[in-house]
>>> print(open('input-v4.txt').read())   # compact mmCIF, C-alpha atoms and all ligand atoms
# COMPACT_ATOMS: atom_id res chain seq x y z
CA MET S 1 106.04 -58.71 116.74
CA LYS S 2 105.51 -62.37 116.08
CA ASN S 3 105.12 -61.71 112.36
CA ALA S 4 108.38 -59.79 112.31
CA LYS S 5 110.20 -62.73 113.88
CA ILE S 6 108.72 -65.13 111.36
CA ILE S 7 109.76 -62.86 108.49
CA SER S 8 113.29 -62.54 109.79
CA VAL S 9 113.57 -66.29 110.15
CA ILE S 10 112.35 -66.72 106.56
CA VAL S 11 114.91 -64.20 105.34
CA LEU S 12 117.68 -65.99 107.19
CA ILE S 13 116.53 -69.31 105.72
CA LEU S 14 116.70 -67.82 102.22
CA ILE S 15 120.21 -66.47 102.91
CA GLY S 16 121.25 -69.85 104.22
CA VAL S 17 119.86 -71.59 101.13
CA SER S 18 121.67 -69.20 98.80
CA PHE S 19 124.97 -69.82 100.57
CA THR S 20 124.40 -73.51 100.40
CA LEU S 21 123.65 -73.41 96.68
CA GLY S 22 126.60 -71.10 95.97
CA CYS S 23 129.06 -73.32 97.74
CA GLY S 24 127.71 -76.57 96.42
CA GLY S 25 127.65 -78.10 99.88
CA GLY S 26 124.96 -80.05 101.62
CA GLY S 27 122.82 -78.98 104.51
CA GLY S 28 119.83 -77.81 102.52
CA ASP S 29 117.49 -79.81 104.69
CA LYS S 30 118.65 -78.32 107.96
CA ASP S 31 115.96 -76.73 110.02
CA ALA S 32 115.61 -73.00 110.37
CA GLU S 33 117.44 -72.73 113.65
CA ALA S 34 120.50 -74.50 112.31
CA ASP S 35 120.56 -72.16 109.33
CA VAL S 36 120.41 -69.17 111.62
CA ASP S 37 123.38 -70.49 113.60
CA GLU S 38 125.24 -71.23 110.41
CA ASP S 39 124.62 -67.72 109.15
CA GLU S 40 125.84 -66.17 112.36
CA ALA S 41 128.93 -68.32 112.24
CA PHE S 42 129.51 -67.14 108.69
CA GLU S 43 129.32 -63.54 109.80
CA ASP S 44 131.57 -64.15 112.81
CA ASN S 45 134.46 -65.69 110.95
CA GLY S 46 134.46 -63.14 108.18
CA GLY S 47 132.74 -65.15 105.50
CA GLU S 48 134.82 -68.30 105.30
CA GLU S 49 132.75 -70.83 107.07
CA ASN S 50 133.59 -74.50 107.22
CA GLY S 51 133.57 -76.15 103.80
CA CYS S 52 132.93 -72.87 102.05
CA VAL S 53 136.38 -71.77 101.02
CA GLU S 54 136.18 -71.87 97.23
CA ASP S 55 133.51 -70.33 95.03
CA CYS S 56 132.13 -68.45 97.98
CA PRO S 57 130.84 -64.96 97.41
CA GLU S 58 133.81 -62.69 98.09
CA ASP S 59 132.26 -59.57 96.67
CA ILE S 60 129.77 -58.89 99.39
CA CYS S 61 128.68 -55.36 98.71
CA GLY S 62 127.93 -53.65 101.97
CA ASP S 63 130.40 -55.46 104.22
CA GLY S 64 132.76 -52.47 104.02
CA LEU S 65 135.50 -54.53 102.40
CA LYS S 66 136.39 -54.05 98.76
CA GLY S 67 136.21 -57.43 97.10
CA PRO S 68 138.14 -58.25 93.91
CA GLY S 69 135.09 -57.60 91.76
CA GLU S 70 134.10 -54.40 93.52
CA VAL S 71 135.25 -50.91 92.66
CA CYS S 72 134.74 -49.89 96.26
CA ASP S 73 132.74 -50.81 99.32
CA GLY S 74 131.73 -48.27 101.91
CA SER S 75 134.88 -46.41 102.83
CA ASP S 76 137.20 -49.05 101.36
CA PHE S 77 138.58 -47.75 98.07
CA GLY S 78 141.58 -50.06 97.92
CA GLY S 79 144.00 -47.21 98.63
CA ASP S 80 142.42 -44.82 96.15
CA ASN S 81 141.69 -41.28 97.27
CA CYS S 82 140.79 -37.81 96.00
CA GLN S 83 144.41 -36.64 95.88
CA LYS S 84 145.32 -39.35 93.39
CA HIS S 85 142.81 -37.78 91.01
CA GLY S 86 144.23 -34.27 91.25
CA PHE S 87 142.00 -32.98 94.02
CA LEU S 88 143.26 -31.13 97.05
CA GLY S 89 141.41 -33.34 99.51
CA GLY S 90 137.96 -34.49 100.46
CA SER S 91 136.46 -37.97 100.39
CA LEU S 92 135.61 -40.39 97.66
CA ARG S 93 132.08 -41.75 97.71
CA CYS S 94 131.12 -45.31 96.90
CA SER S 95 127.80 -46.15 95.30
CA THR S 96 125.54 -48.51 97.24
CA SER S 97 126.09 -51.06 94.47
CA CYS S 98 129.87 -50.94 95.03
CA ASP S 99 130.56 -50.37 91.34
CA THR S 100 130.97 -46.61 91.05
CA ILE S 101 133.19 -43.99 92.71
CA THR S 102 131.93 -40.41 92.71
CA TYR S 103 134.15 -37.40 93.20
CA SER S 104 131.53 -34.82 94.17
CA SER S 105 132.82 -34.75 97.74
CA CYS S 106 136.42 -34.26 96.66
CA ALA S 107 137.77 -30.78 97.26
CA TYR S 108 139.19 -28.90 94.33
CA GLY S 109 140.60 -26.23 96.55
CA CYS S 110 142.81 -23.24 96.11
CA GLY S 111 146.46 -24.14 96.40
CA ASN S 112 146.76 -27.28 94.31
CA GLY S 113 148.46 -25.28 91.55
CA ARG S 114 145.64 -25.97 89.13
CA ARG S 115 142.96 -23.52 88.14
CA ASP S 116 139.72 -25.37 88.77
CA GLY S 117 136.24 -24.79 90.08
CA ASP S 118 135.47 -21.08 90.10
CA GLU S 119 139.09 -20.04 90.69
CA GLU S 120 140.45 -17.18 88.62
CA CYS S 121 143.91 -18.67 88.93
CA ASP S 122 145.93 -20.99 91.14
CA GLY S 123 149.65 -20.44 91.63
CA SER S 124 151.25 -20.14 88.23
CA ASP S 125 148.17 -21.45 86.46
CA LEU S 126 146.64 -18.26 85.13
CA GLY S 127 144.46 -19.96 82.54
CA GLY S 128 145.95 -17.79 79.80
CA ASP S 129 145.08 -14.56 81.57
CA THR S 130 147.08 -11.48 80.52
CA CYS S 131 147.17 -7.78 81.35
CA VAL S 132 146.12 -6.94 77.81
CA LEU S 133 142.88 -8.86 78.36
CA HIS S 134 142.14 -6.43 81.17
CA GLY S 135 142.83 -3.32 79.14
CA PHE S 136 146.45 -2.73 80.11
CA GLU S 137 149.35 -2.31 77.73
CA LEU S 138 152.01 -4.14 79.68
CA GLY S 139 152.80 -6.10 82.78
CA ARG S 140 152.16 -9.52 84.16
CA VAL S 141 149.11 -10.96 85.88
CA THR S 142 149.88 -12.77 89.09
CA CYS S 143 147.74 -14.87 91.38
CA ASN S 144 146.72 -14.00 94.93
CA PRO S 145 146.94 -16.69 97.61
CA ASP S 146 143.15 -16.91 97.57
CA CYS S 147 143.19 -17.78 93.85
CA THR S 148 141.91 -14.44 92.63
CA ARG S 149 143.84 -12.61 89.93
CA ASN S 150 146.19 -9.80 90.82
CA LEU S 151 146.54 -6.99 88.29
CA GLU S 152 148.93 -4.87 90.33
CA GLY S 153 151.72 -5.79 87.94
CA CYS S 154 149.74 -4.51 84.96
CA TYR S 155 150.29 -0.99 83.72
CA ASP S 156 150.00 1.41 80.87
CA THR S 157 153.02 3.17 79.50
CA VAL S 158 153.39 6.88 80.16
CA CYS S 159 155.16 8.88 77.52
CA GLY S 160 157.11 11.64 79.22
CA ASN S 161 157.83 9.89 82.51
CA GLY S 162 161.49 9.60 81.59
CA VAL S 163 161.33 5.80 81.48
CA VAL S 164 161.49 3.99 78.17
CA GLU S 165 158.85 1.26 78.32
CA PRO S 166 159.38 -1.24 75.52
CA PRO S 167 157.89 -2.64 73.42
CA ILE S 168 155.25 0.09 73.44
CA GLU S 169 157.79 2.93 73.60
CA ASP S 170 160.93 3.28 71.50
CA CYS S 171 162.40 6.17 73.41
CA GLU S 172 161.82 9.04 75.80
CA ASN S 173 162.80 12.65 75.39
CA GLY S 174 165.92 13.35 77.43
CA VAL S 175 166.91 9.67 77.56
CA PRO S 176 169.83 8.68 75.30
CA LEU S 177 168.63 6.66 72.34
CA ASP S 178 169.61 3.01 72.30
CA ALA S 179 169.65 2.91 68.49
CA ASN S 180 170.77 5.00 65.51
CA CYS S 181 169.73 5.45 61.91
CA GLU S 182 172.02 2.64 60.74
CA ASP S 183 170.42 0.20 63.17
CA LEU S 184 167.10 0.93 61.48
CA GLY S 185 168.40 0.28 57.96
CA PHE S 186 169.36 3.80 56.97
CA SER S 187 172.77 4.77 55.67
CA GLY S 188 173.25 7.56 58.19
CA GLY S 189 171.77 10.70 59.65
CA GLN S 190 170.44 11.68 63.03
CA LEU S 191 167.77 9.60 64.77
CA ALA S 192 165.41 11.52 67.01
CA CYS S 193 162.58 10.77 69.42
CA LEU S 194 159.05 12.02 68.91
CA ASN S 195 156.16 11.06 71.18
CA CYS S 196 158.24 8.17 72.48
CA GLU S 197 158.66 6.71 68.99
CA TYR S 198 161.76 6.83 66.80
CA ASP S 199 161.70 9.79 64.45
CA THR S 200 163.62 8.86 61.29
CA SER S 201 162.85 12.04 59.36
CA ASP S 202 166.51 13.10 59.59
CA CYS S 203 167.90 9.71 58.66
CA ILE S 204 169.50 9.32 55.24
CA PRO S 205 167.86 6.68 53.05
CA PRO S 206 170.11 3.75 52.11
CA CA H 301 142.82 -25.16 92.40
CA CA H 302 157.56 6.11 79.30
>>> encode(input="input-v4.txt", output="structure tokens")
Amino acid sequence: MKNAKIISVIVLILIGVSFTLGCGGGGGDKDAEADVDEDEAFEDNGGEENGCVEDCPEDICGDGLKGPGEVCDGSDFGGDNCQKHGFLGGSLRCSTSCDTITYSSCAYGCGNGRRDGDEECDGSDLGGDTCVLHGFELGRVTCNPDCTRNLEGCYDTVCGNGVVEPPIEDCENGVPLDANCEDLGFSGGQLACLNCEYDTSDCIPP
């Protein structure tokens, strides 16, 4: 107990000496008790004690206030936050040395319109995903609200369903053709439909 008090007094003396040296003022020969009082006064008035206005340490890492030479201090990031770096939310973290911000506690999150983390998609950001990549012929991948892909809009064409499905199908039996031999570079003749593709066997060569 007594040792602890002695140690704390020594620490406070050292702090007092360092302030004194840093500010170029006198008072180095004050006794321990005076230095303790001086230190407490320094703490109380926020760091600008009497005679120590210039060249005083402003970047006190750990006081929770971001000094001009600090990147951050505690929860003081000088107005910076996760959102400004493209994250959905969360909290920035400041290193104990006040010189580094880490983003590990920032939330990527579904809904920021950017595919990140382990999201399959986010809003219109599909990351280049297509129906063809999933084995379908046609259609459009969309994104579910929970950032998983939605393949409901993907489909394969069905020849014979009475619906012409371009660009895979040219035509359907029973559906009027939307082209003729001339459109396909022939000089005439009768265009037909075979297995949902144009049949030009009765077209007249140019
Ligand atoms: Ca996202
Ligand atoms: Ca069809």
>>> residues_around(input="input-v4.txt", residues="Glu169 in chain S", least_positions_apart="3", cutoff="7 Å", atoms="only C-alpha atoms", output="mmCIF file with C-alpha atoms, in the frame of the given file")
data_model
loop_
_atom_site.group_PDB
_atom_site.id
_atom_site.type_symbol
_atom_site.label_atom_id
_atom_site.label_comp_id
_atom_site.auth_asym_id
_atom_site.auth_seq_id
_atom_site.Cartn_x
_atom_site.Cartn_y
_atom_site.Cartn_z
ATOM 1 C CA VAL S 164 161.490 3.990 78.170
ATOM 2 C CA GLU S 165 158.850 1.260 78.320
ATOM 3 C CA PRO S 166 159.380 -1.240 75.520
ATOM 4 C CA CYS S 196 158.240 8.170 72.480
ATOM 5 C CA GLU S 197 158.660 6.710 68.990
#
>>> residues_around(input="input-v4.txt", residues="Leu138 in chain S", least_positions_apart="2", cutoff="10 Å", atoms="all atoms listed in the file", output="PyMOL selection string")
chain S and resi 130-132+135-136+140-141+153-157+165-168
>>> atom_distance(input="input-v4.txt", atom1="CA of Cys110 in chain S", atom2="CA of Asn81 in chain S")
18.1 Å
>>> closest_residue(input="input-v4.txt", among="S:Ala192, S:Ala107, S:Cys159, S:Cys72", to="ligand CA 302 (chain H)", atoms="all atoms listed in the file")
S:Cys159
>>> atom_distance(input="input-v4.txt", atom1="CA of Gly162 in chain S", atom2="CA of Pro176 in chain S")
10.5 Å
>>> atom_distance(input="input-v4.txt", atom1="CA of Asp99 in chain S", atom2="CA of Arg115 in chain S")
29.7 Å
>>> closest_residue(input="input-v4.txt", among="S:Cys98, S:Leu92, S:Leu126, S:Cys61", to="ligand CA 301 (chain H)", atoms="only C-alpha atoms and all ligand atoms")
S:Leu126
>>> closest_residue(input="input-v4.txt", among="S:Gly74, S:Gly160, S:Gly113, S:Pro206", to="ligand CA 302 (chain H)", atoms="all atoms listed in the file")
S:Gly160
>>> residues_near_ligand(input="input-v4.txt", ligand="ligand CA 301 (chain H)", cutoff="10 Å", atoms="all atoms listed in the file", output="list in words")
Gly86, Phe87, Leu88, Ala107, Tyr108, Gly109, Cys110, Gly111, Asn112, Gly113, Arg114, Arg115, Asp116, Gly117, Asp118, Glu119, Glu120, Cys121, Asp122, Gly123, Asp125, Asp146 and Cys147 of chain S
>>> residues_around(input="input-v4.txt", residues="Phe77 in chain S", least_positions_apart="5", cutoff="12 Å", atoms="all atoms listed in the file", output="PDB file with C-alpha atoms, in the coordinates of the input")
ATOM      1  CA  GLY S  64     132.760 -52.470 104.020  1.00  0.00           C
ATOM      2  CA  LEU S  65     135.500 -54.530 102.400  1.00  0.00           C
ATOM      3  CA  LYS S  66     136.390 -54.050  98.760  1.00  0.00           C
ATOM      4  CA  GLY S  67     136.210 -57.430  97.100  1.00  0.00           C
ATOM      5  CA  PRO S  68     138.140 -58.250  93.910  1.00  0.00           C
ATOM      6  CA  GLU S  70     134.100 -54.400  93.520  1.00  0.00           C
ATOM      7  CA  VAL S  71     135.250 -50.910  92.660  1.00  0.00           C
ATOM      8  CA  CYS S  72     134.740 -49.890  96.260  1.00  0.00           C
ATOM      9  CA  CYS S  82     140.790 -37.810  96.000  1.00  0.00           C
ATOM     10  CA  LYS S  84     145.320 -39.350  93.390  1.00  0.00           C
ATOM     11  CA  SER S  91     136.460 -37.970 100.390  1.00  0.00           C
ATOM     12  CA  LEU S  92     135.610 -40.390  97.660  1.00  0.00           C
ATOM     13  CA  ARG S  93     132.080 -41.750  97.710  1.00  0.00           C
ATOM     14  CA  CYS S  94     131.120 -45.310  96.900  1.00  0.00           C
ATOM     15  CA  SER S  95     127.800 -46.150  95.300  1.00  0.00           C
ATOM     16  CA  CYS S  98     129.870 -50.940  95.030  1.00  0.00           C
ATOM     17  CA  ASP S  99     130.560 -50.370  91.340  1.00  0.00           C
ATOM     18  CA  THR S 100     130.970 -46.610  91.050  1.00  0.00           C
ATOM     19  CA  ILE S 101     133.190 -43.990  92.710  1.00  0.00           C
ATOM     20  CA  THR S 102     131.930 -40.410  92.710  1.00  0.00           C
TER      21      THR S 102
END
>>> closest_residue(input="input-v4.txt", among="S:Asp80, S:Asp170, S:Glu58, S:Glu182", to="ligand CA 302 (chain H)", atoms="all atoms listed in the file")
S:Asp170
>>> closest_residue(input="input-v4.txt", among="S:Asp73, S:Glu137, S:Asp129, S:Asp59", to="ligand CA 302 (chain H)", atoms="all atoms listed in the file")
S:Glu137
>>> closest_residue(input="input-v4.txt", among="S:Cys171, S:Ala179, S:Cys203, S:Leu194", to="ligand CA 302 (chain H)", atoms="all atoms listed in the file")
S:Cys171
